[in-house]
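Below is the file data31.json, which contains JSON, C-alpha atoms (C1' of nucleotides).
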```json
[["chain", "number", "residue", "atom", "x", "y", "z"],
["A", 1, "MET", "CA", 1.19, 9.50, -9.87],
["A", 2, "ALA", "CA", -0.54, 10.67, -12.97],
["A", 3, "ASP", "CA", -1.62, 14.13, -14.02],
["A", 4, "ILE", "CA", -4.76, 15.87, -12.93],
["A", 5, "LYS", "CA", -6.81, 17.88, -15.35],
["A", 6, "VAL", "CA", -6.47, 21.58, -14.80],
["A", 7, "GLU", "CA", -10.15, 22.06, -14.03],
["A", 8, "TYR", "CA", -9.93, 19.68, -11.08],
["A", 9, "MET", "CA", -6.71, 20.99, -9.59],
["A", 10, "ALA", "CA", -8.63, 22.50, -6.70],
["A", 11, "CYS", "CA", -9.91, 19.17, -5.44],
["A", 12, "PRO", "CA", -7.98, 18.46, -2.24],
["A", 13, "ILE", "CA", -8.34, 14.69, -2.35],
["A", 14, "ARG", "CA", -6.69, 14.52, -5.73],
["A", 15, "GLN", "CA", -3.90, 16.70, -4.48],
["A", 16, "ILE", "CA", -3.18, 14.44, -1.55],
["A", 17, "ILE", "CA", -3.26, 11.28, -3.61],
["A", 18, "SER", "CA", -1.12, 12.64, -6.39],
["A", 19, "ARG", "CA", 1.60, 13.74, -3.97],
["A", 20, "PHE", "CA", 1.70, 11.28, -1.07],
["A", 21, "GLY", "CA", -0.32, 8.36, -2.38],
["A", 22, "ASP", "CA", 2.77, 6.61, -3.64],
["A", 23, "LYS", "CA", 4.29, 3.50, -2.18],
["A", 24, "TRP", "CA", 6.70, 5.04, 0.33],
["A", 25, "SER", "CA", 5.97, 8.66, 1.22],
["A", 26, "LEU", "CA", 3.77, 8.12, 4.24],
["A", 27, "LEU", "CA", 6.11, 5.48, 5.59],
["A", 28, "VAL", "CA", 9.03, 7.91, 5.44],
["A", 29, "LEU", "CA", 7.06, 10.62, 7.21],
["A", 30, "TYR", "CA", 5.93, 8.21, 9.87],
["A", 31, "GLY", "CA", 9.44, 6.86, 10.34],
["A", 32, "ILE", "CA", 11.05, 10.25, 10.81],
["A", 33, "ASP", "CA", 8.30, 11.36, 13.15],
["A", 34, "ARG", "CA", 8.63, 8.24, 15.26],
["A", 35, "SER", "CA", 12.39, 8.47, 15.66],
["A", 36, "GLU", "CA", 13.60, 9.61, 19.06],
["A", 37, "THR", "CA", 15.58, 12.58, 17.79],
["A", 38, "GLY", "CA", 13.13, 13.57, 15.07],
["A", 39, "VAL", "CA", 16.03, 13.34, 12.66],
["A", 40, "MET", "CA", 17.09, 10.47, 10.46],
["A", 41, "ARG", "CA", 19.98, 9.86, 8.08],
["A", 42, "PHE", "CA", 19.68, 8.28, 4.68],
["A", 43, "ASN", "CA", 20.96, 4.83, 5.56],
["A", 44, "GLU", "CA", 19.03, 4.90, 8.80],
["A", 45, "LEU", "CA", 15.86, 5.18, 6.77],
["A", 46, "ARG", "CA", 17.08, 2.43, 4.47],
["A", 47, "ARG", "CA", 17.50, 0.05, 7.38],
["A", 48, "MET", "CA", 13.99, 0.88, 8.56],
["A", 49, "MET", "CA", 12.47, 0.26, 5.14],
["A", 50, "THR", "CA", 14.35, -2.82, 4.12],
["A", 51, "ASP", "CA", 12.23, -3.55, 1.09],
["A", 52, "CYS", "CA", 12.46, -0.07, -0.37],
["A", 53, "SER", "CA", 15.17, 0.29, -2.99],
["A", 54, "GLN", "CA", 17.73, 3.05, -2.70],
["A", 55, "LYS", "CA", 16.39, 4.62, -5.81],
["A", 56, "MET", "CA", 12.86, 4.86, -4.49],
["A", 57, "LEU", "CA", 13.93, 6.15, -1.08],
["A", 58, "SER", "CA", 16.01, 8.85, -2.70],
["A", 59, "GLN", "CA", 13.19, 9.76, -5.04],
["A", 60, "THR", "CA", 10.64, 9.79, -2.25],
["A", 61, "LEU", "CA", 12.76, 12.05, -0.07],
["A", 62, "LYS", "CA", 13.32, 14.46, -2.92],
["A", 63, "ASN", "CA", 9.62, 14.53, -3.52],
["A", 64, "LEU", "CA", 8.77, 15.17, 0.12],
["A", 65, "GLU", "CA", 11.38, 17.90, 0.27],
["A", 66, "HIS", "CA", 9.90, 19.53, -2.80],
["A", 67, "TYR", "CA", 6.47, 19.62, -1.20],
["A", 68, "ASN", "CA", 7.90, 21.10, 1.96],
["A", 69, "LEU", "CA", 7.12, 18.18, 4.22],
["A", 70, "VAL", "CA", 10.70, 17.14, 4.87],
["A", 71, "HIS", "CA", 13.77, 19.24, 5.52],
["A", 72, "ARG", "CA", 17.15, 18.11, 4.19],
["A", 73, "GLU", "CA", 20.22, 19.29, 6.07],
["A", 74, "VAL", "CA", 23.63, 18.61, 4.55],
["A", 75, "TYR", "CA", 26.76, 18.74, 6.73],
["A", 76, "PRO", "CA", 29.92, 19.40, 4.71],
["A", 77, "GLU", "CA", 31.97, 16.65, 6.29],
["A", 78, "VAL", "CA", 33.93, 13.64, 5.11],
["A", 79, "PRO", "CA", 32.26, 11.22, 4.94],
["A", 80, "PRO", "CA", 29.19, 13.27, 4.12],
["A", 81, "ARG", "CA", 26.30, 13.40, 6.54],
["A", 82, "VAL", "CA", 22.74, 14.26, 5.53],
["A", 83, "GLU", "CA", 19.93, 14.52, 8.03],
["A", 84, "TYR", "CA", 16.23, 14.48, 7.26],
["A", 85, "SER", "CA", 13.61, 15.95, 9.55],
["A", 86, "LEU", "CA", 9.99, 16.97, 9.30],
["A", 87, "THR", "CA", 9.09, 20.55, 8.51],
["A", 88, "GLU", "CA", 6.37, 22.36, 10.39],
["A", 89, "THR", "CA", 3.99, 21.41, 7.60],
["A", 90, "GLY", "CA", 5.13, 17.81, 7.78],
["A", 91, "ARG", "CA", 4.48, 17.66, 11.50],
["A", 92, "SER", "CA", 1.05, 19.16, 10.99],
["A", 93, "LEU", "CA", 0.10, 16.18, 8.87],
["A", 94, "MET", "CA", 0.85, 13.70, 11.63],
["A", 95, "PRO", "CA", -2.43, 13.88, 13.57],
["A", 96, "SER", "CA", -4.36, 13.01, 10.41],
["A", 97, "LEU", "CA", -1.93, 10.26, 9.59],
["A", 98, "HIS", "CA", -2.17, 8.75, 13.04],
["A", 99, "GLN", "CA", -5.94, 8.82, 12.86],
["A", 100, "LEU", "CA", -5.77, 6.99, 9.56],
["A", 101, "ILE", "CA", -3.45, 4.38, 11.04],
["A", 102, "GLN", "CA", -5.76, 3.95, 13.99],
["A", 103, "TRP", "CA", -8.63, 3.41, 11.60],
["A", 104, "ALA", "CA", -6.65, 0.72, 9.83],
["A", 105, "LEU", "CA", -5.92, -1.00, 13.12],
["A", 106, "ASP", "CA", -9.57, -0.81, 14.21],
["A", 107, "HIS", "CA", -10.78, -2.28, 10.94],
["A", 108, "PHE", "CA", -8.03, -4.76, 10.27],
["A", 109, "ASP", "CA", -10.46, -7.66, 10.16],
["A", 110, "ASP", "CA", -12.96, -5.85, 7.97],
["A", 111, "VAL", "CA", -10.54, -4.61, 5.37],
["A", 112, "VAL", "CA", -6.92, -5.41, 5.73],
["A", 113, "SER", "CA", -7.23, -9.14, 6.16],
["A", 114, "ARG", "CA", -8.86, -9.43, 2.76],
["A", 115, "GLN", "CA", -6.54, -10.59, 0.06],
["A", 116, "VAL", "CA", -5.22, -7.96, -2.28],
["A", 117, "ILE", "CA", -6.83, -8.49, -5.64],
["A", 118, "ILE", "CA", -4.36, -9.98, -8.10],
["A", 119, "LYS", "CA", -4.83, -8.56, -11.56],
["B", 1, "MET", "CA", -0.47, -1.06, -6.17],
["B", 2, "ALA", "CA", 2.46, -3.33, -5.79],
["B", 3, "ASP", "CA", 3.03, -6.20, -3.44],
["B", 4, "ILE", "CA", 4.13, -5.94, 0.14],
["B", 5, "LYS", "CA", 6.61, -8.37, 1.60],
["B", 6, "VAL", "CA", 5.00, -10.86, 3.93],
["B", 7, "GLU", "CA", 7.03, -9.70, 6.93],
["B", 8, "TYR", "CA", 5.62, -6.20, 6.61],
["B", 9, "MET", "CA", 2.00, -7.14, 6.05],
["B", 10, "ALA", "CA", 1.11, -5.96, 9.54],
["B", 11, "CYS", "CA", 2.13, -2.36, 8.85],
["B", 12, "PRO", "CA", -1.11, -0.41, 8.66],
["B", 13, "ILE", "CA", 0.21, 2.41, 6.51],
["B", 14, "ARG", "CA", 1.24, 0.00, 3.80],
["B", 15, "GLN", "CA", -2.15, -1.62, 3.96],
["B", 16, "ILE", "CA", -3.97, 1.65, 3.46],
["B", 17, "ILE", "CA", -1.76, 2.76, 0.61],
["B", 18, "SER", "CA", -1.89, -0.53, -1.21],
["B", 19, "ARG", "CA", -5.68, -0.56, -1.15],
["B", 20, "PHE", "CA", -6.93, 3.01, -1.38],
["B", 21, "GLY", "CA", -3.86, 4.90, -2.51],
["B", 22, "ASP", "CA", -4.85, 4.63, -6.13],
["B", 23, "LYS", "CA", -6.08, 7.46, -8.30],
["B", 24, "TRP", "CA", -9.81, 7.19, -7.74],
["B", 25, "SER", "CA", -10.82, 5.26, -4.61],
["B", 26, "LEU", "CA", -10.99, 8.11, -2.14],
["B", 27, "LEU", "CA", -12.83, 10.29, -4.61],
["B", 28, "VAL", "CA", -15.51, 7.62, -5.05],
["B", 29, "LEU", "CA", -15.92, 7.20, -1.30],
["B", 30, "TYR", "CA", -16.14, 10.94, -0.83],
["B", 31, "GLY", "CA", -18.62, 11.30, -3.66],
["B", 32, "ILE", "CA", -21.00, 8.66, -2.37],
["B", 33, "ASP", "CA", -20.77, 10.01, 1.16],
["B", 34, "ARG", "CA", -21.51, 13.53, 0.01],
["B", 35, "SER", "CA", -24.57, 12.60, -2.03],
["B", 36, "GLU", "CA", -27.89, 13.52, -0.48],
["B", 37, "THR", "CA", -29.31, 10.03, -0.50],
["B", 38, "GLY", "CA", -26.08, 8.27, 0.40],
["B", 39, "VAL", "CA", -26.61, 6.20, -2.72],
["B", 40, "MET", "CA", -25.23, 6.69, -6.21],
["B", 41, "ARG", "CA", -25.66, 4.91, -9.52],
["B", 42, "PHE", "CA", -22.87, 4.09, -11.92],
["B", 43, "ASN", "CA", -23.44, 6.85, -14.42],
["B", 44, "GLU", "CA", -24.11, 9.29, -11.65],
["B", 45, "LEU", "CA", -20.59, 8.67, -10.41],
["B", 46, "ARG", "CA", -19.28, 8.98, -13.95],
["B", 47, "ARG", "CA", -20.81, 12.41, -14.32],
["B", 48, "MET", "CA", -19.21, 13.47, -11.05],
["B", 49, "MET", "CA", -15.78, 12.20, -12.08],
["B", 50, "THR", "CA", -15.69, 13.37, -15.65],
["B", 51, "ASP", "CA", -12.03, 12.60, -16.15],
["B", 52, "CYS", "CA", -12.23, 9.05, -14.86],
["B", 53, "SER", "CA", -12.63, 6.46, -17.59],
["B", 54, "GLN", "CA", -15.45, 3.95, -17.40],
["B", 55, "LYS", "CA", -12.94, 1.17, -17.04],
["B", 56, "MET", "CA", -11.24, 2.74, -14.05],
["B", 57, "LEU", "CA", -14.52, 3.60, -12.33],
["B", 58, "SER", "CA", -15.72, 0.06, -12.74],
["B", 59, "GLN", "CA", -12.43, -1.31, -11.49],
["B", 60, "THR", "CA", -12.33, 1.05, -8.54],
["B", 61, "LEU", "CA", -15.86, 0.17, -7.46],
["B", 62, "LYS", "CA", -15.11, -3.54, -7.67],
["B", 63, "ASN", "CA", -12.04, -2.98, -5.56],
["B", 64, "LEU", "CA", -13.89, -0.99, -2.92],
["B", 65, "GLU", "CA", -16.61, -3.60, -2.82],
["B", 66, "HIS", "CA", -14.02, -6.31, -2.32],
["B", 67, "TYR", "CA", -12.56, -4.48, 0.66],
["B", 68, "ASN", "CA", -15.98, -4.03, 2.17],
["B", 69, "LEU", "CA", -16.07, -0.25, 1.91],
["B", 70, "VAL", "CA", -18.81, -0.02, -0.69],
["B", 71, "HIS", "CA", -22.03, -1.99, -1.02],
["B", 72, "ARG", "CA", -23.36, -2.87, -4.47],
["B", 73, "GLU", "CA", -27.09, -3.39, -4.79],
["B", 74, "VAL", "CA", -28.44, -4.70, -8.08],
["B", 75, "TYR", "CA", -32.12, -4.27, -8.98],
["B", 76, "PRO", "CA", -33.32, -6.84, -11.55],
["B", 77, "GLU", "CA", -35.08, -4.36, -13.79],
["B", 78, "VAL", "CA", -34.95, -3.35, -17.42],
["B", 79, "PRO", "CA", -33.00, -1.21, -17.92],
["B", 80, "PRO", "CA", -30.80, -2.44, -15.10],
["B", 81, "ARG", "CA", -30.25, -0.31, -12.01],
["B", 82, "VAL", "CA", -27.25, -0.63, -9.72],
["B", 83, "GLU", "CA", -26.84, 1.45, -6.61],
["B", 84, "TYR", "CA", -23.65, 1.98, -4.69],
["B", 85, "SER", "CA", -23.57, 2.97, -1.04],
["B", 86, "LEU", "CA", -21.04, 3.02, 1.76],
["B", 87, "THR", "CA", -20.85, 0.10, 4.14],
["B", 88, "GLU", "CA", -20.54, 0.62, 7.87],
["B", 89, "THR", "CA", -16.78, 0.26, 7.48],
["B", 90, "GLY", "CA", -16.78, 2.74, 4.63],
["B", 91, "ARG", "CA", -18.64, 5.30, 6.70],
["B", 92, "SER", "CA", -16.20, 4.78, 9.55],
["B", 93, "LEU", "CA", -13.39, 5.97, 7.32],
["B", 94, "MET", "CA", -15.03, 9.29, 6.62],
["B", 95, "PRO", "CA", -13.91, 11.23, 9.72],
["B", 96, "SER", "CA", -10.28, 10.44, 8.93],
["B", 97, "LEU", "CA", -10.79, 11.33, 5.30],
["B", 98, "HIS", "CA", -12.42, 14.63, 6.15],
["B", 99, "GLN", "CA", -9.58, 15.47, 8.49],
["B", 100, "LEU", "CA", -7.13, 14.75, 5.71],
["B", 101, "ILE", "CA", -9.06, 16.98, 3.33],
["B", 102, "GLN", "CA", -9.14, 19.73, 5.91],
["B", 103, "TRP", "CA", -5.39, 19.43, 6.28],
["B", 104, "ALA", "CA", -5.00, 19.79, 2.53],
["B", 105, "LEU", "CA", -7.15, 22.91, 2.57],
["B", 106, "ASP", "CA", -5.25, 24.40, 5.50],
["B", 107, "HIS", "CA", -1.90, 23.81, 3.82],
["B", 108, "PHE", "CA", -2.82, 24.52, 0.25],
["B", 109, "ASP", "CA", -0.21, 27.25, -0.05],
["B", 110, "ASP", "CA", 2.53, 25.22, 1.63],
["B", 111, "VAL", "CA", 2.08, 22.07, -0.36],
["B", 112, "VAL", "CA", -0.60, 21.93, -2.95],
["B", 113, "SER", "CA", 0.35, 25.05, -4.86],
["B", 114, "ARG", "CA", 3.76, 23.61, -5.60],
["B", 115, "GLN", "CA", 4.08, 22.18, -9.04],
["B", 116, "VAL", "CA", 3.90, 18.45, -9.36],
["B", 117, "ILE", "CA", 7.33, 17.19, -10.24],
["B", 118, "ILE", "CA", 7.48, 16.17, -13.88],
["B", 119, "LYS", "CA", 9.60, 13.07, -14.33],
["C", 1, "DC", "C1'", 28.11, 7.87, 3.13],
["C", 2, "DG", "C1'", 24.70, 9.34, 0.16],
["C", 3, "DG", "C1'", 23.58, 9.41, -3.66],
["C", 4, "DC", "C1'", 22.76, 9.33, -9.52],
["C", 5, "DA", "C1'", 22.37, 6.85, -14.28],
["C", 6, "DT", "C1'", 20.74, 3.18, -16.87],
["C", 7, "DC", "C1'", 18.22, -0.75, -18.15],
["C", 8, "DC", "C1'", 14.11, -3.33, -18.14],
["C", 9, "DG", "C1'", 10.01, -5.84, -16.60],
["C", 10, "DA", "C1'", 5.48, -5.09, -14.21],
["C", 11, "DT", "C1'", 1.65, -2.39, -13.53],
["C", 12, "DG", "C1'", -1.57, 1.64, -14.17],
["C", 13, "DC", "C1'", -4.52, 3.76, -16.85],
["C", 14, "DG", "C1'", -6.92, 5.73, -21.01],
["C", 15, "DA", "C1'", -9.23, 4.96, -25.67],
["C", 16, "DT", "C1'", -12.07, 2.37, -28.15],
["C", 17, "DA", "C1'", -15.27, -1.13, -29.29],
["C", 18, "DC", "C1'", -18.71, -4.39, -27.93],
["C", 19, "DT", "C1'", -22.71, -6.66, -24.83],
["C", 20, "DG", "C1'", -26.96, -8.27, -21.88],
["D", 1, "DC", "C1'", -27.96, 1.40, -18.05],
["D", 2, "DA", "C1'", -24.07, -0.79, -16.50],
["D", 3, "DG", "C1'", -20.85, -2.78, -17.55],
["D", 4, "DT", "C1'", -16.62, -6.22, -20.16],
["D", 5, "DA", "C1'", -12.66, -6.93, -23.57],
["D", 6, "DT", "C1'", -8.75, -5.61, -25.90],
["D", 7, "DC", "C1'", -4.94, -2.69, -27.12],
["D", 8, "DG", "C1'", -1.16, 0.20, -26.27],
["D", 9, "DC", "C1'", 1.34, 3.80, -24.16],
["D", 10, "DA", "C1'", 3.10, 5.84, -19.80],
["D", 11, "DT", "C1'", 4.70, 5.42, -15.44],
["D", 12, "DC", "C1'", 6.38, 2.77, -11.39],
["D", 13, "DG", "C1'", 9.79, 0.59, -9.32],
["D", 14, "DG", "C1'", 13.66, -3.06, -8.77],
["D", 15, "DA", "C1'", 18.60, -4.41, -10.08],
["D", 16, "DT", "C1'", 22.89, -3.12, -11.12],
["D", 17, "DG", "C1'", 26.83, -0.28, -11.62],
["D", 18, "DC", "C1'", 29.29, 4.12, -10.93],
["D", 19, "DC", "C1'", 30.78, 8.46, -8.29],
["D", 20, "DG", "C1'", 32.34, 12.66, -5.10]]
```
Since I need it in another form, could you write the structure as C-alpha cells?
Amino acid sequence: MADIKVEYMACPIRQIISRFGDKWSLLVLYGIDRSETGVMRFNELRRMMTDCSQKMLSQTLKNLEHYNLVHREVYPEVPPRVEYSLTETGRSLMPSLHQLIQWALDHFDDVVSRQVIIK
Amino acid sequence: MADIKVEYMACPIRQIISRFGDKWSLLVLYGIDRSETGVMRFNELRRMMTDCSQKMLSQTLKNLEHYNLVHREVYPEVPPRVEYSLTETGRSLMPSLHQLIQWALDHFDDVVSRQVIIK
DNA sequence: CGGCATCCGATGCGATACTG
DNA sequence: CAGTATCGCATCGGATGCCG
C-alpha cells in the first residue's frame, strides 16, 4: 500500500493499514493460527487460499516475515521443506483479529450483505 | 479493493478487508468518533487528514455511507452544510478498532519501526 | 517443493480544474 | 461549502514460464 507522509508516520492506524491492509495478510495469519500444529507449509497455505496466486502468497509471506509476524523455518532437505509459524508478535495480534472477525459476523446483515460498490 | 470469489464471500476477514482495508476509511471513522460532538463536516475532515485528497475523502465517505457505517446529514442552507456522524453500526466497530490501535502502540518497536518494503 | 522473473491488464490514488 | 469530472501515473495482482 502507498506511502505515508513522514509527519504522519506516528499514526498507528496508518501503520496497520499500510502493512496488513492488503488482500491476503490477515488471511495468512488467521490460517496459520487456526492450524492444529501452528505450523504450515507453503503449498498447505496455497490449498487453503485457493484463489490467491502463488506470487501473492509468496509476497505476502515475505512481507509478514519482514514485519516480524511470521517466522520462516527452512529445512535443508530434498525436496525442500519450509514451515511458517506465527512469531510471538504475530500471536499477540490474534485477539484483536478475532474480535474484528466477531464484529463482522455480528454485523453481517448491516454491512457485509451490501453489494461491494463497482467503480 | 478487488473482487472476492463467490465461494469465499462468507469469509469475514475478506469482507472486512475488501470494505475498510483501503487507505482512509479507518482514519475517517476514528476521526469522527474522536471529535467532541461526534459530528464532523467535510472540510473539517479535510483539515484533519491533510494528506488525503478531496477526491479520496469524498469517495471514502460515500463508501462508508454505503456500508452503513457513516450517516450523512444534509442541511438545505446557503452555503450548504453537510454533517457526517457514525451510525450505530459504525460505533459498534470502535472497540475493535481501539484494540487494534492499542496493539499497534504496544508493538511499535516490533513491527511499526521496521521500514516499509519498497517494491 | 518452494519459490522467482516477466508481462500486462485492472485498480488506486493524486493533481488539477470546474460547479451548484 | 461541498463536492464532481477528467487525466495520468503508480501500484496491485493474475497468468505464465523457469529454476535449484
Compute the set of chain C residues within 9 Å of chain A, using all atoms listed in the file, and express it as a ChimeraX atom specification. /C:1-4,13
May I ask for the distance between atom CA of A:Leu26 and atom CA of B:Met94, given in Å to one decimal place?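 Going from atom CA of A:Leu26 over to atom CA of B:Met94, I get 19.0 Å.
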Using only C-alpha atoms, determine which residues of chain B fall within 8 Å of chain A; present them as a PyMOL selection string. chain B and resi 1-2+5+12-19+21-23+26-27+51+63+66-69+89+92-93+96-97+99-101+103-105+107+110-112+114+116-117
Store the residues picked out above in a file with C-alpha atoms, as a compact mmCIF listing (two decimals), keeping the file's coordinate frame.
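The resulting file, result_23.txt, is shown below:
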```
# COMPACT_ATOMS: atom_id res chain seq x y z
CA MET B 1 -0.47 -1.06 -6.17
CA ALA B 2 2.46 -3.33 -5.79
CA LYS B 5 6.61 -8.37 1.60
CA PRO B 12 -1.11 -0.41 8.66
CA ILE B 13 0.21 2.41 6.51
CA ARG B 14 1.24 0.00 3.80
CA GLN B 15 -2.15 -1.62 3.96
CA ILE B 16 -3.97 1.65 3.46
CA ILE B 17 -1.76 2.76 0.61
CA SER B 18 -1.89 -0.53 -1.21
CA ARG B 19 -5.68 -0.56 -1.15
CA GLY B 21 -3.86 4.90 -2.51
CA ASP B 22 -4.85 4.63 -6.13
CA LYS B 23 -6.08 7.46 -8.30
CA LEU B 26 -10.99 8.11 -2.14
CA LEU B 27 -12.83 10.29 -4.61
CA ASP B 51 -12.03 12.60 -16.15
CA ASN B 63 -12.04 -2.98 -5.56
CA HIS B 66 -14.02 -6.31 -2.32
CA TYR B 67 -12.56 -4.48 0.66
CA ASN B 68 -15.98 -4.03 2.17
CA LEU B 69 -16.07 -0.25 1.91
CA THR B 89 -16.78 0.26 7.48
CA SER B 92 -16.20 4.78 9.55
CA LEU B 93 -13.39 5.97 7.32
CA SER B 96 -10.28 10.44 8.93
CA LEU B 97 -10.79 11.33 5.30
CA GLN B 99 -9.58 15.47 8.49
CA LEU B 100 -7.13 14.75 5.71
CA ILE B 101 -9.06 16.98 3.33
CA TRP B 103 -5.39 19.43 6.28
CA ALA B 104 -5.00 19.79 2.53
CA LEU B 105 -7.15 22.91 2.57
CA HIS B 107 -1.90 23.81 3.82
CA ASP B 110 2.53 25.22 1.63
CA VAL B 111 2.08 22.07 -0.36
CA VAL B 112 -0.60 21.93 -2.95
CA ARG B 114 3.76 23.61 -5.60
CA VAL B 116 3.90 18.45 -9.36
CA ILE B 117 7.33 17.19 -10.24
```
With 8 Å as the limit and counting only C-alpha atoms (C1' of nucleotides), what residues in chain D lie close to chain B? Please list them as a ChimeraX atom specification. /D:1-3
Enclose all atoms of stretch 36-39 of chain B listed in the file in an axis-aligned box, grow every side by 4 Å, and hand back centre and edge lengths in Å to one decimal, as lines of an AutoDock Vina configuration file.
```
center_x = -27.7
center_y = 9.9
center_z = -1.2
size_x = 11.2
size_y = 15.3
size_z = 11.1
```
How many Å separate atom CA of B:Leu57 from atom CA of A:Asp109?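 Computed distance, atom CA of B:Leu57 to atom CA of A:Asp109, equals 25.5 Å.
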Shell of 8 Å around A:Gly31, all atoms listed in the file, local chain residues under 3 positions omitted, as a short mmCIF file (atom, residue, chain, number, x, y, z; two decimals) with C-alpha atoms, in the coordinates of the input:
```
data_model
loop_
_atom_site.label_atom_id
_atom_site.label_comp_id
_atom_site.auth_asym_id
_atom_site.auth_seq_id
_atom_site.Cartn_x
_atom_site.Cartn_y
_atom_site.Cartn_z
CA LEU A 27 6.11 5.48 5.59
CA VAL A 28 9.03 7.91 5.44
CA ARG A 34 8.63 8.24 15.26
CA SER A 35 12.39 8.47 15.66
CA LEU A 45 15.86 5.18 6.77
CA MET A 48 13.99 0.88 8.56
#
```
Between atom CA of B:Met56 and atom CA of B:Leu29, what is the spacing in Å?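 Spanning atom CA of B:Leu29 to atom CA of B:Met56 is a straight-line distance of 14.3 Å.
Compared by their closest atoms to A:Ile32, and using only C-alpha atoms, the residues A:Leu61, A:Leu86, A:Arg72, A:Arg47 rank with A:Leu86 nearest.
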